[in-house]
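Here is the structure we will look at, set down as structure tokens.
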Amino acid sequence: MNPIVVGADTGGTFTDFVVWQAGRLRLLKLPSTPEAPEQAVLEGIRTLLPEPPPHGFTVLHGTTVGTNRILERKGARTAFLTTEGFRDLLFLARQDRMQLYSLKPSPRPTLAERALCAEVPERLAYDGTVLRALDISDLPRLIRRWKREGVESVAVCLLFAYANPAHERELKRLLEPHFAVSISSEIAPEFREYERASTTFLNAYLAPVMTRYLQTLERQARAYGALRLLISHSAGGLMDAQRACAHPVSTVLSGPAAGVMGAWAIGRGVGAHRLLTLDIGGTSTDIALIDREPLRTYYGEIEGMPLRVPRLDVHSIGAGGGSIARLDVAGGLRVGPQSAGACPGPAAYGMGEQPTLTDAHLVLGHLLPHWFGFGRITVDPDRAARAIEPLATALGLSLHEAAGAIVAQAQAKMVRGLRRVSAGRGINPESCALIAFGGAGGLHLCALARALGIHQWIVPPYPGVLSAYGLLWMDCVHEARRTVLMPLPETRSEPLERILLELRAECEEAMRQMGVPVGSYELHALADLRYEGQSYELTVPFTPEHPMRAHSHFEQLHLTRYGFTMPERPVELVNLRLRAVALNPKPAGASWEPPADPEHDLPRETTLWIEGKPVRVPVFARAELQPDAPIPTPALIVQPDSTVLIEPGWHARVDGRTGALIGQCLP
């Protein structure tokens, strides 16, 4: 019997579902419920599975709840505890400046309150040697004060705790009866104290909120028959709900990571192995590079605050369907990063007044009102036009010229983002295929491909729910890591092997919590290497028996990334990593069950604007397109979850094996 698996991806505007059952895939899109995100997830499960399956089902969940809590400053009230003398660690940050030439540079943002930052007498050396014993005599008074202040969570980050976690563990034991506690030696056991402190603080900030949300979801899903609830994390894998409650900062890129994994699956299906992914939603655009596999990184930021967690290398820009178009102080047009969100939403939704990218597409005829959002969202093109008219007047443009300028401004930001993740890493974008998804991805891909010189683009069968679909392609993944800071050995090293055994024990425990049997997962060792004197590292495969193989991988990657090597320089081993991967069943070959079309007839033709000119183009329902048959272009391809605008100069067809829409540049 095939398993029943439900992929549920919670976004700020919609919650998307894909259920895999008996070799079939069914989809659903519901409005999100931001005040209680689990409600939309549970409603979708009950809609797709009206009766609890007798043999149960599995729920795979991607979420933006943690991300939105940080962006909206709606996490728990959090205290910060660190080594004596380092109370201002989160405020001093690094010496780099975000605005290099500003005479009044803005400090690095932090969510910490200085009044809730405290110190504890203790000190460790760089190798973990205790220089000063932990003094907890003042801790009871601190606990009483924090309780009076309404503190829910505490972040603990002591100097060099990654080398010796004993002091942090003792503080956790004493604080845990009173607060949710995050310690840096568990959340980010790597060197660089500021980044480690920032990551630990953000984890503590999210922990109470995410714990309440995920425990409620797990309890109610199990009551309906769910056997397992697994949460997608930023590194493109799945973890159990208990670990997600303890490490909520790992979910910050949960949804975008699922989208990248879905794009990777579609790309492999059509034989495209180097991809630029373009996920355009209501608030932002997420961009990533896949070169045989998704690129990963261990450095990131959210709202200017550093994150040190394993993650897919996803670049986000503030340009989505709800991005607001406005004039800056100099009278220039700007689009985003401010967004109208789900409420009030674009002016065409009937509640807001500010013009957005979605309003511009409606004015240009790129969207058919009756087929928008599964036909469940009423949009008014006249309201969209009235919202854009003041901008047009101020810019001295016609209504359609102003709408075209809004689209062009947003696309310019997307082009810069796509170049950054490709050319910025030594990869020519012309060598990539562009895969577009999200509700608005199909409206921009032809223009973006043309601007970048890309010759092939791909649109998945149901691009509006690709992140939910991508959850079905995720494996159970856990990565353990440890800072070692030593010269790369030329031969087998017993100290490194002992560390790898400790990392293996951590991976085994994580797999056990996910219900993965011993021996049914793979282990992959990795090393972060750098030349002596460098400040940042590159991650390469590591073989304990032959460490110098990692040296060869490092020099090859350094040459690709930066264009040179330094063979005369010694190489340092900074961090050891061990990644455990348990393969899950995949929906390869599963067929889609088309959703019901909106109850409106689709026009055979429509007039829309392309490159500043009105063009009469045919309109096709995507479900009616025949496999491998050429599609006349230009054209508008419409489906319940998305719209694809195919501009002149492209040959387009539906791939007979995967159902993906593929475009090739005409010579």
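Note on naming: chains are A, B, ... as they come in the structure tokens, residues start from 1 per chain, ligands start from 1 in the order shown.
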
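Taking only C-alpha atoms, the non-local environment of region 211-222 of chain A within 7 Å (same-chain residues fewer than 2 positions away omitted) comprises Glu38, Leu42, Ala207, Pro208, Val209, Tyr224, Gly225, Ala226, Leu227, Leu229, Ala241 and Cys245 of chain A.
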
request  = Write out as a list of chain:residue names the residues lying within 10 Å of Leu171 (chain A), counting only C-alpha atoms and excluding same-chain residues fewer than 5 positions away.
outcome  = A:Leu81, A:Val120, A:Leu134, A:Ile136, A:Leu139, A:Val156, A:Ala166, A:Glu176, A:Val181, A:Ile183

Could you pull the residues within 10 Å of region 18-35 of chain A, counting only C-alpha atoms, minus those fewer than 3 positions along the same chain, as a ChimeraX atom specification?
/A:1-15,38-41,43-45,47-49,57-60,64-65,68,342,373-374,376,462,464-472,586-595,640-641

message: Among region 357-575 of chain A, which residues does DSSP mark as alpha helix (DSSP H) when it is run on the backbone? Keep the chain and numbering as in the structure and answer as a ChimeraX atom specification.
response: /A:357-363,381-395,399-421,441-452,466-471,494-513,548-562

Review point. Counting only C-alpha atoms, what is within 6 Å of Asn575 (chain A), bar same-chain residues fewer than 5 positions away, as number ranges by chain?
Key: A: 482-484, 527-528

Atoms to include: C-alpha atoms. Write the selected residues as a PDB file, in the first residue's frame.
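That gives us again.pdb:
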ATOM      1  CA  ARG A 482      32.140  21.285  15.612  1.00  0.00           C
ATOM      2  CA  THR A 483      34.875  23.940  15.421  1.00  0.00           C
ATOM      3  CA  VAL A 484      38.389  22.413  15.511  1.00  0.00           C
ATOM      4  CA  ALA A 527      35.218  20.125   6.268  1.00  0.00           C
ATOM      5  CA  ASP A 528      35.309  23.925   6.296  1.00  0.00           C
TER       6      ASP A 528
END

Polymer residues at most 12 Å from Gly656 (chain A), only C-alpha atoms, same-chain spacing of 6 or more positions, as a VMD selection string: chain A and resid 269 to 270 461 589 591 625 to 630 662

Keeping only C-alpha atoms, write the selected residues to a file as a PDB file, in the first residue's frame.
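The result, written out as again.pdb:
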ATOM      1  CA  GLY A 269      12.932  15.272 -14.563  1.00  0.00           C
ATOM      2  CA  VAL A 270      13.481  17.360 -17.703  1.00  0.00           C
ATOM      3  CA  PRO A 461       2.955  21.683 -13.581  1.00  0.00           C
ATOM      4  CA  GLY A 589       5.878   9.143 -11.668  1.00  0.00           C
ATOM      5  CA  SER A 591       0.170  11.928 -11.774  1.00  0.00           C
ATOM      6  CA  LEU A 625      -2.412  21.794 -23.681  1.00  0.00           C
ATOM      7  CA  GLN A 626      -1.283  18.637 -25.454  1.00  0.00           C
ATOM      8  CA  PRO A 627       2.098  17.104 -24.546  1.00  0.00           C
ATOM      9  CA  ASP A 628       4.984  18.035 -26.868  1.00  0.00           C
ATOM     10  CA  ALA A 629       2.699  20.066 -29.175  1.00  0.00           C
ATOM     11  CA  PRO A 630       4.092  23.538 -30.016  1.00  0.00           C
ATOM     12  CA  ILE A 662       9.384  24.372 -21.265  1.00  0.00           C
TER      13      ILE A 662
END

* To do: Looking only at strand (DSSP E or B) from DSSP on the backbone, list the matching residues of region 159-269 of chain A as a ChimeraX atom specification.
  => /A:180-183,226-232,238-240

Output file for the residues above (N, CA and C atoms, as an mmCIF file, in the first residue's frame):
data_model
loop_
_atom_site.group_PDB
_atom_site.id
_atom_site.type_symbol
_atom_site.label_atom_id
_atom_site.label_comp_id
_atom_site.auth_asym_id
_atom_site.auth_seq_id
_atom_site.Cartn_x
_atom_site.Cartn_y
_atom_site.Cartn_z
ATOM 1 N N ALA A 180 12.227 29.091 28.955
ATOM 2 C CA ALA A 180 12.775 28.358 27.808
ATOM 3 C C ALA A 180 14.224 28.800 27.655
ATOM 4 N N VAL A 181 15.138 27.851 27.445
ATOM 5 C CA VAL A 181 16.565 28.178 27.436
ATOM 6 C C VAL A 181 17.210 27.666 26.150
ATOM 7 N N SER A 182 17.964 28.532 25.492
ATOM 8 C CA SER A 182 18.773 28.158 24.327
ATOM 9 C C SER A 182 20.229 28.428 24.657
ATOM 10 N N ILE A 183 21.089 27.423 24.460
ATOM 11 C CA ILE A 183 22.520 27.615 24.725
ATOM 12 C C ILE A 183 23.285 27.479 23.413
ATOM 13 N N ALA A 226 -2.718 11.330 12.103
ATOM 14 C CA ALA A 226 -1.352 11.492 11.598
ATOM 15 C C ALA A 226 -0.389 10.626 12.409
ATOM 16 N N LEU A 227 0.484 9.922 11.707
ATOM 17 C CA LEU A 227 1.486 9.093 12.363
ATOM 18 C C LEU A 227 2.740 9.888 12.704
ATOM 19 N N ARG A 228 3.096 10.834 11.817
ATOM 20 C CA ARG A 228 4.304 11.634 12.019
ATOM 21 C C ARG A 228 4.075 13.048 11.527
ATOM 22 N N LEU A 229 4.666 14.001 12.211
ATOM 23 C CA LEU A 229 4.741 15.381 11.743
ATOM 24 C C LEU A 229 6.209 15.724 11.632
ATOM 25 N N LEU A 230 6.658 16.006 10.411
ATOM 26 C CA LEU A 230 8.036 16.401 10.167
ATOM 27 C C LEU A 230 8.057 17.821 9.625
ATOM 28 N N ILE A 231 9.033 18.595 10.048
ATOM 29 C CA ILE A 231 9.134 20.015 9.701
ATOM 30 C C ILE A 231 10.330 20.219 8.787
ATOM 31 N N SER A 232 10.148 20.980 7.724
ATOM 32 C CA SER A 232 11.282 21.265 6.842
ATOM 33 C C SER A 232 12.175 22.329 7.482
ATOM 34 N N LEU A 238 14.260 17.435 6.448
ATOM 35 C CA LEU A 238 13.164 17.354 7.412
ATOM 36 C C LEU A 238 13.719 17.032 8.791
ATOM 37 N N MET A 239 13.048 17.560 9.817
ATOM 38 C CA MET A 239 13.372 17.227 11.201
ATOM 39 C C MET A 239 12.066 16.981 11.948
ATOM 40 N N ASP A 240 12.165 16.315 13.097
ATOM 41 C CA ASP A 240 10.955 16.034 13.861
ATOM 42 C C ASP A 240 10.487 17.295 14.569
#

Neighbours of Asp380 (chain A) within 9 Å (only C-alpha atoms; same-chain residues fewer than 2 positions away dropped), as a PDB file with C-alpha atoms, in the first residue's frame?
ATOM      1  CA  ALA A 347      -5.575  47.843  -4.370  1.00  0.00           C
ATOM      2  CA  ALA A 348      -7.443  45.478  -6.710  1.00  0.00           C
ATOM      3  CA  TYR A 349      -8.411  43.307  -3.721  1.00  0.00           C
ATOM      4  CA  GLY A 350     -10.800  46.067  -2.630  1.00  0.00           C
ATOM      5  CA  LEU A 362      -3.821  43.707 -13.982  1.00  0.00           C
ATOM      6  CA  PRO A 369      -9.629  38.645 -13.006  1.00  0.00           C
ATOM      7  CA  THR A 378     -12.283  38.889  -6.353  1.00  0.00           C
ATOM      8  CA  ASP A 382     -10.554  49.437 -12.261  1.00  0.00           C
ATOM      9  CA  ARG A 383      -9.391  49.874  -8.652  1.00  0.00           C
ATOM     10  CA  ALA A 384      -5.902  48.823  -9.760  1.00  0.00           C
ATOM     11  CA  ALA A 385      -5.949  51.486 -12.471  1.00  0.00           C
TER      12      ALA A 385
END

What's around Phe160 (chain A) at 12 Å? Count only C-alpha atoms, leave out sequence neighbours fewer than 5 positions away in its own chain, and write the answer as a count of residues only. 30

Counting only C-alpha atoms, which residue out of A:Gly262, A:Gly300, A:Pro603, A:Pro634 sits closest to Ser316 (chain A)?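 Checking each of A:Gly262, A:Gly300, A:Pro603, A:Pro634 against Ser316 (chain A), counting only C-alpha atoms, the winner is A:Gly300.
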
message = Between CA of Leu103 (chain A) and CA of Phe91 (chain A), what distance in Å does the model show, to one decimal?
response =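 Computed distance, CA of Leu103 (chain A) to CA of Phe91 (chain A), equals 18.9 Å.
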
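Comparing the minimum interatomic distances between Arg141 (chain A) and each of A:Cys446, A:Leu175, A:Val309, A:Leu202, counting only C-alpha atoms, we find that A:Leu175 sits nearest.
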
- Pick from A:His366, A:Arg311, A:Arg561, A:His455: nearest to Arg425 (chain A), with only C-alpha atoms counted?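 Nearest to Arg425 (chain A): A:Arg561.
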
* Asked: Smallest atom-to-atom distance to Gly281 (chain A): which of A:Phe542, A:Phe80, A:Phe437, A:Tyr299, using only C-alpha atoms?
  ->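 Of A:Phe542, A:Phe80, A:Phe437, A:Tyr299, the one nearest Gly281 (chain A) is A:Phe437, counting only C-alpha atoms.
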
Query raised in the report: Pick the closest to His551 (chain A) from A:Ala440, A:Glu605, A:Ala392, A:Pro487: which is it, counting only C-alpha atoms?
Result: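 The answer is A:Pro487, which sits nearest to His551 (chain A).
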